[in-house]
file query.cif (mmCIF, C-alpha atoms)
data_work
loop_
_atom_site.label_atom_id
_atom_site.label_comp_id
_atom_site.auth_asym_id
_atom_site.auth_seq_id
_atom_site.Cartn_x
_atom_site.Cartn_y
_atom_site.Cartn_z
CA MET O 247 2.12 -19.35 -19.08
CA LYS O 248 3.01 -16.04 -17.43
CA LYS O 249 -0.59 -14.84 -17.69
CA THR O 250 -1.89 -18.09 -16.17
CA ALA O 251 0.58 -17.79 -13.27
CA ILE O 252 -0.47 -14.17 -12.64
CA GLY O 253 -4.16 -15.18 -12.83
CA LEU O 254 -3.64 -18.02 -10.34
CA TYR O 255 -1.68 -15.77 -8.00
CA ALA O 256 -4.39 -13.06 -8.23
CA THR O 257 -7.12 -15.63 -7.45
CA PHE O 258 -5.10 -16.94 -4.49
CA THR O 259 -4.64 -13.35 -3.26
CA VAL O 260 -8.36 -12.51 -3.53
CA ALA O 261 -9.23 -15.73 -1.64
CA LEU O 262 -6.77 -14.80 1.13
CA MET O 263 -8.16 -11.27 1.35
CA VAL O 264 -11.80 -12.39 1.45
CA TRP O 265 -11.08 -14.96 4.17
CA GLY O 266 -9.01 -12.39 6.09
CA PHE O 267 -11.91 -9.94 5.95
CA TYR O 268 -14.34 -12.64 7.15
CA LEU O 269 -12.04 -13.53 10.07
CA ALA O 270 -11.54 -9.87 11.02
CA ILE O 271 -15.23 -9.01 11.06
CA PHE O 272 -17.07 -12.20 12.03
CA VAL O 273 -14.59 -14.46 13.84
CA ALA O 274 -12.19 -12.29 15.88
CA PRO O 275 -13.53 -11.37 19.31
CA ASN O 276 -14.11 -7.75 20.26
CA ASP O 277 -11.31 -6.05 22.20
CA ALA O 278 -12.11 -6.06 25.93
CA MET O 279 -11.23 -2.34 26.34
CA GLN O 280 -12.11 -0.76 22.99
CA GLY O 281 -14.85 -2.98 21.62
CA GLU O 282 -15.49 -3.22 17.88
CA ILE O 283 -13.38 -0.19 16.89
CA ALA O 284 -10.19 -2.19 17.65
CA ARG O 285 -10.94 -4.34 14.57
CA ILE O 286 -9.26 -1.58 12.56
CA ILE O 287 -5.99 -3.14 13.79
CA TYR O 288 -6.40 -5.95 11.22
CA TYR O 289 -6.03 -3.41 8.39
CA HIS O 290 -4.04 -0.62 10.04
CA VAL O 291 -1.02 -2.52 11.41
CA PRO O 292 -0.55 -4.96 8.49
CA SER O 293 -0.62 -1.98 6.09
CA ALA O 294 2.15 -0.32 8.11
CA ALA O 295 4.24 -3.53 8.20
CA VAL O 296 3.83 -4.08 4.45
CA ALA O 297 4.70 -0.41 3.74
CA PHE O 298 7.95 -0.90 5.67
CA VAL O 299 8.80 -3.99 3.59
CA PHE O 300 8.23 -2.05 0.34
CA PHE O 301 10.29 0.91 1.51
CA PHE O 302 13.05 -1.61 2.22
CA ILE O 303 12.70 -2.95 -1.35
CA SER O 304 12.97 0.65 -2.55
CA LEU O 305 16.11 1.09 -0.43
CA VAL O 306 17.73 -2.02 -1.94
CA GLY O 307 16.76 -0.85 -5.45
CA SER O 308 18.16 2.63 -4.81
CA ILE O 309 21.47 1.25 -3.50
CA GLY O 310 21.60 -1.13 -6.48
CA TYR O 311 21.05 1.74 -8.91
CA LEU O 312 23.85 3.79 -7.36
CA ALA O 313 26.16 0.76 -7.33
CA PHE O 314 25.58 -0.32 -10.97
CA ARG O 315 24.84 2.93 -12.81
CA HIS O 316 28.39 3.20 -14.26
CA THR O 317 29.38 -0.47 -14.51
CA ASN O 318 26.14 -2.18 -15.61
CA PRO O 319 23.48 0.26 -16.89
CA GLN O 320 20.93 -2.50 -17.65
CA ARG O 321 21.09 -3.88 -14.13
CA ALA O 322 20.97 -0.31 -12.78
CA LEU O 323 17.72 0.29 -14.69
CA THR O 324 16.22 -2.91 -13.23
CA CYS O 325 17.20 -1.75 -9.73
CA ASP O 326 15.73 1.68 -10.47
CA ALA O 327 12.42 0.08 -11.52
CA TRP O 328 12.32 -1.91 -8.26
CA ALA O 329 13.12 1.25 -6.29
CA LEU O 330 10.29 3.15 -7.97
CA ALA O 331 7.80 0.27 -7.58
CA GLY O 332 8.71 -0.23 -3.91
CA ALA O 333 8.39 3.47 -3.12
CA GLU O 334 5.05 3.89 -4.91
CA VAL O 335 3.38 0.78 -3.47
CA GLY O 336 4.83 1.71 -0.06
CA VAL O 337 3.19 5.14 -0.32
CA VAL O 338 -0.16 3.49 -1.12
CA PHE O 339 0.06 1.33 2.02
CA CYS O 340 1.34 4.25 4.11
CA THR O 341 -1.67 6.31 2.93
CA VAL O 342 -3.97 3.55 4.21
CA VAL O 343 -2.15 3.71 7.56
CA LEU O 344 -2.47 7.50 7.74
CA ILE O 345 -6.21 7.37 7.02
CA THR O 346 -7.29 4.35 9.07
CA GLY O 347 -5.19 5.57 12.04
CA PRO O 348 -7.08 8.86 12.54
CA ILE O 349 -10.43 7.06 12.10
CA TRP O 350 -9.45 4.74 14.94
CA ALA O 351 -7.99 7.64 16.97
CA ARG O 352 -11.21 9.65 16.73
CA ARG O 353 -13.11 6.92 18.58
CA ALA O 354 -10.33 5.74 20.90
CA TRP O 355 -8.78 9.09 21.88
CA GLY O 356 -11.52 11.55 20.87
CA ILE O 357 -9.22 13.33 18.39
CA TRP O 358 -8.40 12.79 14.71
CA TRP O 359 -4.75 13.76 14.96
CA THR O 360 -2.07 14.81 17.43
CA TRP O 361 1.61 15.61 16.90
CA ASP O 362 2.66 12.45 18.70
CA ALA O 363 6.06 10.90 17.88
CA ARG O 364 4.68 7.86 16.01
CA LEU O 365 2.13 9.84 14.02
CA THR O 366 4.55 12.63 13.13
CA THR O 367 7.39 10.32 12.04
CA THR O 368 4.94 8.31 9.91
CA LEU O 369 3.68 11.50 8.26
CA VAL O 370 7.29 12.58 7.62
CA LEU O 371 8.01 9.16 6.06
CA TRP O 372 4.97 9.52 3.78
CA LEU O 373 5.99 13.08 2.82
CA ILE O 374 9.55 11.97 1.97
CA TYR O 375 8.30 9.23 -0.36
CA VAL O 376 5.65 11.49 -1.90
CA SER O 377 8.43 14.00 -2.67
CA TYR O 378 10.42 11.07 -4.14
CA LEU O 379 7.50 10.31 -6.48
CA ILE O 380 7.05 14.01 -7.38
CA LEU O 381 10.77 14.22 -8.18
CA ARG O 382 10.48 11.19 -10.46
CA ARG O 383 7.37 12.57 -12.15
CA PHE O 384 8.60 16.09 -12.89
CA ALA O 385 12.37 15.76 -13.41
CA ALA O 386 14.07 13.90 -16.26
CA GLY O 387 17.38 12.24 -17.17
CA PRO O 388 19.91 10.06 -15.36
CA GLN O 389 20.58 12.83 -12.82
CA MET O 390 16.97 12.53 -11.68
CA GLN O 391 17.43 8.79 -11.09
CA THR O 392 20.56 9.43 -9.02
CA LEU O 393 18.83 12.13 -6.96
CA ALA O 394 15.79 9.88 -6.50
CA ALA O 395 18.03 7.01 -5.34
CA VAL O 396 19.65 9.27 -2.74
CA LEU O 397 16.23 10.49 -1.59
CA GLY O 398 15.01 6.87 -1.43
CA ILE O 399 17.90 5.93 0.85
CA PHE O 400 17.27 9.01 2.99
CA GLY O 401 13.57 8.12 3.26
CA ALA O 402 14.32 4.53 4.29
CA ALA O 403 16.40 5.89 7.19
CA ASP O 404 13.12 7.14 8.69
CA VAL O 405 11.62 3.61 8.80
CA PRO O 406 13.53 2.44 11.92
CA ILE O 407 12.74 5.80 13.57
CA VAL O 408 9.01 5.25 12.92
CA TYR O 409 9.27 1.68 14.26
CA MET O 410 11.12 2.74 17.42
CA SER O 411 9.23 6.01 17.99
CA ASN O 412 6.69 4.61 20.45
CA ARG O 413 9.49 2.86 22.34
CA TRP O 414 11.76 5.91 22.55
CA TRP O 415 9.06 8.50 23.25
CA ARG O 416 5.96 7.51 25.23
CA THR O 417 3.31 9.91 23.96
CA GLN O 418 -0.25 9.41 22.66
CA HIS O 419 0.13 6.33 20.43
CA PRO O 420 -0.22 3.05 22.36
CA ALA O 421 2.89 1.13 23.39
CA PRO O 422 3.98 -1.58 20.93
CA VAL O 423 1.70 -4.63 20.88
CA PHE O 424 4.43 -6.89 19.47
CA PHE O 425 7.98 -7.15 20.88
CA GLY O 426 7.04 -4.50 23.43
CA GLY O 427 8.39 -6.31 26.50
CA PRO O 428 6.41 -7.72 29.44
CA GLY O 429 2.64 -7.24 29.18
CA SER O 430 2.67 -6.76 25.40
CA GLY O 431 1.18 -9.22 22.92
CA MET O 432 -2.20 -10.35 21.70
CA ALA O 433 -4.53 -13.21 22.68
CA TRP O 434 -4.35 -16.13 20.22
CA PRO O 435 -7.92 -15.76 18.81
CA MET O 436 -7.01 -12.21 17.78
CA LEU O 437 -3.39 -12.97 16.91
CA ARG O 438 -4.26 -15.64 14.34
CA VAL O 439 -6.66 -13.23 12.59
CA PHE O 440 -4.00 -10.55 12.67
CA LEU O 441 -1.36 -12.88 11.19
CA TRP O 442 -3.75 -14.05 8.47
CA ASN O 443 -4.49 -10.46 7.46
CA LEU O 444 -0.80 -9.57 7.63
CA GLY O 445 -0.03 -12.43 5.22
CA ALA O 446 -2.96 -11.55 2.95
CA TRP O 447 -1.98 -7.87 2.70
CA PHE O 448 1.62 -8.87 2.02
CA VAL O 449 0.57 -11.21 -0.81
CA TRP O 450 -1.72 -8.49 -2.22
CA GLY O 451 1.13 -5.96 -1.96
CA MET O 452 3.49 -8.30 -3.83
CA LEU O 453 0.93 -8.59 -6.63
CA ILE O 454 0.66 -4.83 -7.13
CA LEU O 455 4.42 -4.43 -6.66
CA PHE O 456 5.02 -6.93 -9.47
CA ILE O 457 2.53 -5.10 -11.75
CA ARG O 458 4.11 -1.71 -10.91
CA TYR O 459 7.61 -3.09 -11.60
CA ASN O 460 6.52 -4.33 -15.03
CA VAL O 461 4.91 -0.97 -15.84
CA ALA O 462 8.16 0.80 -14.83
CA ARG O 463 10.26 -1.55 -17.00
CA GLN O 464 7.91 -1.08 -19.95
CA GLN O 465 8.20 2.69 -19.49
CA GLN O 466 12.01 2.47 -19.52
CA LYS O 467 11.96 0.40 -22.72
CA ILE O 468 9.62 2.86 -24.45
CA ALA O 469 11.81 5.80 -23.38
CA ALA O 470 14.91 4.01 -24.75
CA ARG O 471 13.17 3.27 -28.08
CA GLU O 472 11.93 6.86 -28.38
CA ALA O 473 15.46 8.14 -27.73
CA GLU O 474 16.81 5.75 -30.38
CA ALA O 475 14.15 6.85 -32.88
CA ALA O 476 14.98 10.52 -32.20
CA LEU O 477 18.69 9.79 -32.86
CA HIS O 478 17.84 8.14 -36.20
CA GLU O 479 15.82 11.20 -37.22
CA VAL O 480 18.86 13.44 -36.52
CA MET F 142 -9.20 -0.04 -21.60
CA LYS F 143 -13.00 -0.39 -21.76
CA LEU F 144 -12.72 -3.70 -19.88
CA ILE F 145 -10.65 -2.12 -17.10
CA ILE F 146 -13.07 0.80 -16.70
CA SER F 147 -16.14 -1.51 -16.75
CA LEU F 148 -14.50 -3.78 -14.15
CA ALA F 149 -13.58 -0.77 -12.00
CA ILE F 150 -17.17 0.54 -12.12
CA LEU F 151 -18.54 -2.91 -11.23
CA VAL F 152 -16.10 -3.28 -8.32
CA ALA F 153 -16.90 0.27 -7.11
CA ILE F 154 -20.64 -0.48 -7.14
CA GLY F 155 -20.03 -3.76 -5.31
CA LEU F 156 -17.75 -2.08 -2.77
CA PHE F 157 -20.05 0.82 -1.96
CA GLY F 158 -23.14 -1.40 -2.01
CA GLY F 159 -21.45 -3.85 0.34
CA ALA F 160 -20.26 -1.04 2.62
CA TRP F 161 -23.75 0.48 2.73
CA PHE F 162 -25.30 -2.90 3.58
CA TRP F 163 -22.65 -3.59 6.20
CA ALA F 164 -23.06 -0.13 7.77
CA THR F 165 -26.85 -0.42 7.97
CA HIS F 166 -26.71 -3.93 9.46
CA PRO F 167 -24.64 -3.60 12.65
CA PRO F 168 -23.79 -6.75 14.63
CA ALA F 169 -26.17 -7.93 17.35
CA TYR F 170 -23.85 -6.75 20.15
CA ALA F 171 -23.93 -3.14 18.85
CA VAL F 172 -26.81 -2.00 21.04
CA THR F 173 -25.82 1.44 22.34
CA ILE F 174 -25.35 4.52 20.16
CA ALA F 175 -21.58 4.48 20.91
CA GLN F 176 -21.31 0.86 19.69
CA ARG F 177 -23.23 1.72 16.52
CA ILE F 178 -20.94 4.69 15.87
CA ASP F 179 -17.93 2.38 16.41
CA HIS F 180 -19.42 0.04 13.80
CA HIS F 181 -19.75 2.89 11.28
CA TYR F 182 -16.14 3.92 11.88
CA VAL F 183 -14.94 0.34 11.28
CA VAL F 184 -16.96 0.19 8.04
CA ALA F 185 -15.48 3.55 6.96
CA ALA F 186 -11.89 2.42 7.72
CA TYR F 187 -12.23 -0.88 5.82
CA THR F 188 -14.00 0.76 2.87
CA ILE F 189 -11.42 3.54 2.56
CA ALA F 190 -8.58 0.98 2.69
CA TRP F 191 -10.14 -0.92 -0.21
CA VAL F 192 -10.99 2.24 -2.19
CA ILE F 193 -7.33 3.32 -2.00
CA GLN F 194 -5.97 -0.11 -2.99
CA LEU F 195 -8.43 -0.70 -5.84
CA SER F 196 -8.09 2.86 -7.18
CA TYR F 197 -4.35 2.36 -7.36
CA LEU F 198 -4.79 -0.99 -9.11
CA THR F 199 -7.15 0.63 -11.65
CA TRP F 200 -4.66 3.45 -12.25
CA LEU F 201 -1.93 0.83 -12.83
CA GLY F 202 -4.17 -1.00 -15.31
CA ILE F 203 -4.86 2.20 -17.25
CA LYS F 204 -1.15 3.10 -17.27
CA TRP F 205 -0.26 -0.41 -18.48
CA GLN F 206 -2.78 -0.13 -21.34
CA SER F 207 -1.57 3.31 -22.42
CA GLN F 208 2.03 2.05 -22.48
CA LYS F 209 1.01 -0.94 -24.54
CA ARG F 210 -0.53 1.44 -27.08
CA ALA F 211 2.60 3.64 -27.04
CA ALA F 212 4.75 0.54 -27.76
CA GLU F 213 2.44 -0.45 -30.64
CA ARG F 214 2.69 3.09 -32.07
CA LEU F 215 6.49 2.87 -31.94
CA ASP F 216 6.36 -0.52 -33.70
CA ARG F 217 4.21 0.94 -36.49
CA SER F 218 6.41 4.01 -36.96
CA SER F 219 9.62 1.93 -37.06
CA ARG F 220 8.27 -0.28 -39.87
#
call {"tool": "encode", "arguments": {"input": "query.cif", "output": "structure tokens"}}
result
Amino acid sequence: MKKTAIGLYATFTVALMVWGFYLAIFVAPNDAMQGEIARIIYYHVPSAAVAFVFFFISLVGSIGYLAFRHTNPQRALTCDAWALAGAEVGVVFCTVVLITGPIWARRAWGIWWTWDARLTTTLVLWLIYVSYLILRRFAAGPQMQTLAAVLGIFGAADVPIVYMSNRWWRTQHPAPVFFGGPGSGMAWPMLRVFLWNLGAWFVWGMLILFIRYNVARQQQKIAAREAEAALHEV
Amino acid sequence: MKLIISLAILVAIGLFGGAWFWATHPPAYAVTIAQRIDHHYVVAAYTIAWVIQLSYLTWLGIKWQSQKRAAERLDRSSR
């Protein structure tokens, strides 16, 4: 039953992605100013939005771990698995943002990278969560989980800064397209393609988040069984 | 494990083949050199996005399989 549900969800996701790709490449009109290169927006911005959602999931998981670690260890472990899954999948999406952005920038601005507020805060966000994953990979024990939870909360604090950066500091990155005040927004033929791709990437992200969560839970169960087996040997 | 690796290889061939075809067949409006370069950059951005996502999915699949084997090993040793 579970396998069938996952299979159906995966098929639905692939269909959404394929149609989103078709819309982005063959249906959406070219941008009047930038031409074809602006089509990167259909992958770049949804990846950033989805990364923010997953860092938020990681934040909730981290807070949950810290809240339950003494009173309800089983629930704390579940929260920890969500925190890890959210952070890792968020890093994957943030990596897409940090690679597709410079490709777009090279054609639009003539440079791959500049230390602009939006770019720098996004890089800092990525570095914080990469350090979170390195901490989880190379440290061990419940202290590591506590430290990781604190780092996860600290990292999530950068998300609103990234979001607001091109509102607070007007540097190289364009002004916000959405909720950016008068003059911002997107024409409907482009907006509907954007929204479709946003939804498709979110559904795809949820699929890999669910898989990552299950892998993390399985890992916790194996670690618990190994610890139990080691105790029996003693 | 073999199934995951075979699937990953098939998807990689499909992805790179598709990207190559897409890059070498620019849209009709891409007439100038600048427009053709724009097209190649769009192909690169989309391909890289998919390579990252699918590589991560493959890594997850391999990790899942190795954990399944570790759990089976524990089952055998506890019997």
call {"tool": "residues_around", "arguments": {"input": "query.cif", "residues": "segment 261-268 of chain O", "least_positions_apart": "2", "cutoff": "8 Å", "atoms": "all atoms listed in the file", "output": "PDB file with C-alpha atoms, in the coordinates of the input"}}
result
ATOM      1  CA  THR O 257      -7.120 -15.630  -7.450  1.00  0.00           C
ATOM      2  CA  PHE O 258      -5.100 -16.940  -4.490  1.00  0.00           C
ATOM      3  CA  THR O 259      -4.640 -13.350  -3.260  1.00  0.00           C
ATOM      4  CA  ALA O 270     -11.540  -9.870  11.020  1.00  0.00           C
ATOM      5  CA  ILE O 271     -15.230  -9.010  11.060  1.00  0.00           C
ATOM      6  CA  PHE O 272     -17.070 -12.200  12.030  1.00  0.00           C
ATOM      7  CA  VAL O 273     -14.590 -14.460  13.840  1.00  0.00           C
ATOM      8  CA  VAL O 439      -6.660 -13.230  12.590  1.00  0.00           C
ATOM      9  CA  TRP O 442      -3.750 -14.050   8.470  1.00  0.00           C
ATOM     10  CA  ASN O 443      -4.490 -10.460   7.460  1.00  0.00           C
ATOM     11  CA  ALA O 446      -2.960 -11.550   2.950  1.00  0.00           C
ATOM     12  CA  TRP O 447      -1.980  -7.870   2.700  1.00  0.00           C
ATOM     13  CA  TRP O 450      -1.720  -8.490  -2.220  1.00  0.00           C
TER      14      TRP O 450
END
call {"tool": "closest_atom_pairs", "arguments": {"input": "query.cif", "of": "chain F", "to": "chain O", "cutoff": "12 Å", "atoms": "all atoms listed in the file", "output": "CSV"}}
result
residue,atom,partner,partner_atom,distance
F:Trp163,CA,O:Ile271,CA,10.4
F:Pro167,CA,O:Glu282,CA,10.5
F:Pro168,CA,O:Phe272,CA,9.0
F:Ala169,CA,O:Phe272,CA,11.4
F:Tyr170,CA,O:Glu282,CA,9.4
F:Ala171,CA,O:Glu282,CA,8.5
F:Val172,CA,O:Glu282,CA,11.8
F:Thr173,CA,O:Gly281,CA,11.8
F:Ala175,CA,O:Arg353,CA,9.1
F:Gln176,CA,O:Glu282,CA,7.3
F:Arg177,CA,O:Glu282,CA,9.3
F:Ile178,CA,O:Arg353,CA,8.6
F:Asp179,CA,O:Ile283,CA,5.2
F:His180,CA,O:Glu282,CA,6.5
F:His181,CA,O:Ile283,CA,9.0
F:Tyr182,CA,O:Ile349,CA,6.5
F:Val183,CA,O:Ile283,CA,5.8
F:Val184,CA,O:Ile286,CA,9.1
F:Ala185,CA,O:Ile349,CA,8.0
F:Ala186,CA,O:Thr346,CA,5.2
F:Tyr187,CA,O:Tyr289,CA,7.2
F:Thr188,CA,O:Thr346,CA,9.8
F:Ile189,CA,O:Val342,CA,7.6
F:Ala190,CA,O:Val342,CA,5.5
F:Trp191,CA,O:Val342,CA,8.8
F:Val192,CA,O:Val342,CA,9.6
F:Ile193,CA,O:Val342,CA,7.1
F:Gln194,CA,O:Val338,CA,7.1
F:Leu195,CA,O:Ile454,CA,10.1
F:Ser196,CA,O:Val338,CA,10.0
F:Tyr197,CA,O:Val338,CA,7.6
F:Leu198,CA,O:Ile454,CA,7.0
F:Thr199,CA,O:Ile454,CA,10.5
F:Trp200,CA,O:Arg458,CA,10.3
F:Leu201,CA,O:Arg458,CA,6.8
F:Gly202,CA,O:Ile457,CA,8.6
F:Ile203,CA,O:Val461,CA,10.4
F:Lys204,CA,O:Val461,CA,7.4
F:Trp205,CA,O:Val461,CA,5.8
F:Gln206,CA,O:Val461,CA,9.5
F:Ser207,CA,O:Val461,CA,10.2
F:Gln208,CA,O:Gln465,CA,6.9
F:Lys209,CA,O:Gln464,CA,8.3
F:Arg210,CA,O:Ile468,CA,10.6
F:Ala211,CA,O:Ile468,CA,7.5
F:Ala212,CA,O:Ile468,CA,6.3
F:Glu213,CA,O:Ile468,CA,10.0
F:Arg214,CA,O:Ile468,CA,10.3
F:Leu215,CA,O:Glu472,CA,7.6
F:Asp216,CA,O:Arg471,CA,9.6
F:Ser218,CA,O:Ala475,CA,9.2
F:Ser219,CA,O:Ala475,CA,7.9
F:Arg220,CA,O:Ala475,CA,11.6
call {"tool": "resolve_selection", "arguments": {"input": "query.cif", "expression": "the PyMOL selection byres ((chain O and resi 374) around 10)", "output": "ChimeraX atom specification"}}
result
/O:333,337,368-373,375-380,397-398,400-402,404
call {"tool": "resolve_selection", "arguments": {"input": "query.cif", "expression": "the PyMOL selection byres ((chain O and resi 308) around 8)", "output": "PDB file with C-alpha atoms, in the coordinates of the input"}}
result
ATOM      1  CA  SER O 304      12.970   0.650  -2.550  1.00  0.00           C
ATOM      2  CA  LEU O 305      16.110   1.090  -0.430  1.00  0.00           C
ATOM      3  CA  VAL O 306      17.730  -2.020  -1.940  1.00  0.00           C
ATOM      4  CA  GLY O 307      16.760  -0.850  -5.450  1.00  0.00           C
ATOM      5  CA  ILE O 309      21.470   1.250  -3.500  1.00  0.00           C
ATOM      6  CA  GLY O 310      21.600  -1.130  -6.480  1.00  0.00           C
ATOM      7  CA  TYR O 311      21.050   1.740  -8.910  1.00  0.00           C
ATOM      8  CA  LEU O 312      23.850   3.790  -7.360  1.00  0.00           C
ATOM      9  CA  CYS O 325      17.200  -1.750  -9.730  1.00  0.00           C
ATOM     10  CA  ASP O 326      15.730   1.680 -10.470  1.00  0.00           C
ATOM     11  CA  ALA O 329      13.120   1.250  -6.290  1.00  0.00           C
ATOM     12  CA  ALA O 394      15.790   9.880  -6.500  1.00  0.00           C
ATOM     13  CA  ALA O 395      18.030   7.010  -5.340  1.00  0.00           C
ATOM     14  CA  VAL O 396      19.650   9.270  -2.740  1.00  0.00           C
ATOM     15  CA  GLY O 398      15.010   6.870  -1.430  1.00  0.00           C
ATOM     16  CA  ILE O 399      17.900   5.930   0.850  1.00  0.00           C
TER      17      ILE O 399
END
call {"tool": "atom_distance", "arguments": {"input": "query.cif", "atom1": "atom CA of Thr317 of chain O", "atom2": "atom CA of Phe301 of chain O"}}
result
25.0 Å
call {"tool": "atom_distance", "arguments": {"input": "query.cif", "atom1": "atom CA of Pro435 of chain O", "atom2": "atom CA of Gly336 of chain O"}}
result
28.7 Å
call {"tool": "atom_distance", "arguments": {"input": "query.cif", "atom1": "atom CA of Gly253 of chain O", "atom2": "atom CA of Phe456 of chain O"}}
result
12.8 Å
call {"tool": "resolve_selection", "arguments": {"input": "query.cif", "expression": "the PyMOL selection byres ((chain O and resi 408-413) around 8)", "output": "ChimeraX atom specification"}}
result
/O:363-364,367-368,371,404-407,414-417,419-422,426
call {"tool": "closest_residue", "arguments": {"input": "query.cif", "among": "O:Val423, O:Met436, O:Ala322, O:Leu444", "to": "Gln466 of chain O", "atoms": "only C-alpha atoms"}}
result
O:Ala322
call {"tool": "build_atoms", "arguments": {"input": "query.cif", "residues": "segment 193-204 of chain F", "atoms": "N, CA, C and O atoms", "output": "PDB file, in the frame of the given file"}}
result
ATOM      1  N   ILE F 193      -8.700   2.895  -1.659  1.00  0.00           N
ATOM      2  CA  ILE F 193      -7.330   3.320  -2.000  1.00  0.00           C
ATOM      3  C   ILE F 193      -6.620   2.226  -2.812  1.00  0.00           C
ATOM      4  O   ILE F 193      -6.049   2.483  -3.872  1.00  0.00           O
ATOM      5  N   GLN F 194      -6.689   0.982  -2.319  1.00  0.00           N
ATOM      6  CA  GLN F 194      -5.970  -0.110  -2.990  1.00  0.00           C
ATOM      7  C   GLN F 194      -6.524  -0.358  -4.403  1.00  0.00           C
ATOM      8  O   GLN F 194      -5.749  -0.500  -5.359  1.00  0.00           O
ATOM      9  N   LEU F 195      -7.844  -0.386  -4.527  1.00  0.00           N
ATOM     10  CA  LEU F 195      -8.430  -0.700  -5.840  1.00  0.00           C
ATOM     11  C   LEU F 195      -8.284   0.469  -6.816  1.00  0.00           C
ATOM     12  O   LEU F 195      -8.129   0.247  -8.012  1.00  0.00           O
ATOM     13  N   SER F 196      -8.313   1.707  -6.296  1.00  0.00           N
ATOM     14  CA  SER F 196      -8.090   2.860  -7.180  1.00  0.00           C
ATOM     15  C   SER F 196      -6.677   2.806  -7.751  1.00  0.00           C
ATOM     16  O   SER F 196      -6.460   3.067  -8.938  1.00  0.00           O
ATOM     17  N   TYR F 197      -5.731   2.451  -6.898  1.00  0.00           N
ATOM     18  CA  TYR F 197      -4.350   2.360  -7.360  1.00  0.00           C
ATOM     19  C   TYR F 197      -4.200   1.251  -8.410  1.00  0.00           C
ATOM     20  O   TYR F 197      -3.547   1.447  -9.440  1.00  0.00           O
ATOM     21  N   LEU F 198      -4.845   0.119  -8.153  1.00  0.00           N
ATOM     22  CA  LEU F 198      -4.790  -0.990  -9.110  1.00  0.00           C
ATOM     23  C   LEU F 198      -5.402  -0.582 -10.460  1.00  0.00           C
ATOM     24  O   LEU F 198      -4.858  -0.904 -11.515  1.00  0.00           O
ATOM     25  N   THR F 199      -6.507   0.154 -10.412  1.00  0.00           N
ATOM     26  CA  THR F 199      -7.150   0.630 -11.650  1.00  0.00           C
ATOM     27  C   THR F 199      -6.218   1.581 -12.393  1.00  0.00           C
ATOM     28  O   THR F 199      -6.044   1.480 -13.615  1.00  0.00           O
ATOM     29  N   TRP F 200      -5.600   2.492 -11.644  1.00  0.00           N
ATOM     30  CA  TRP F 200      -4.660   3.450 -12.250  1.00  0.00           C
ATOM     31  C   TRP F 200      -3.504   2.691 -12.918  1.00  0.00           C
ATOM     32  O   TRP F 200      -3.090   3.037 -14.036  1.00  0.00           O
ATOM     33  N   LEU F 201      -3.016   1.640 -12.249  1.00  0.00           N
ATOM     34  CA  LEU F 201      -1.930   0.830 -12.830  1.00  0.00           C
ATOM     35  C   LEU F 201      -2.388   0.164 -14.131  1.00  0.00           C
ATOM     36  O   LEU F 201      -1.646   0.122 -15.111  1.00  0.00           O
ATOM     37  N   GLY F 202      -3.618  -0.358 -14.112  1.00  0.00           N
ATOM     38  CA  GLY F 202      -4.170  -1.000 -15.310  1.00  0.00           C
ATOM     39  C   GLY F 202      -4.269  -0.036 -16.466  1.00  0.00           C
ATOM     40  O   GLY F 202      -3.901  -0.367 -17.609  1.00  0.00           O
ATOM     41  N   ILE F 203      -4.731   1.189 -16.195  1.00  0.00           N
ATOM     42  CA  ILE F 203      -4.860   2.200 -17.250  1.00  0.00           C
ATOM     43  C   ILE F 203      -3.483   2.588 -17.788  1.00  0.00           C
ATOM     44  O   ILE F 203      -3.269   2.705 -18.993  1.00  0.00           O
ATOM     45  N   LYS F 204      -2.530   2.732 -16.865  1.00  0.00           N
ATOM     46  CA  LYS F 204      -1.150   3.100 -17.270  1.00  0.00           C
ATOM     47  C   LYS F 204      -0.543   1.997 -18.148  1.00  0.00           C
ATOM     48  O   LYS F 204       0.085   2.270 -19.160  1.00  0.00           O
TER      49      LYS F 204
END
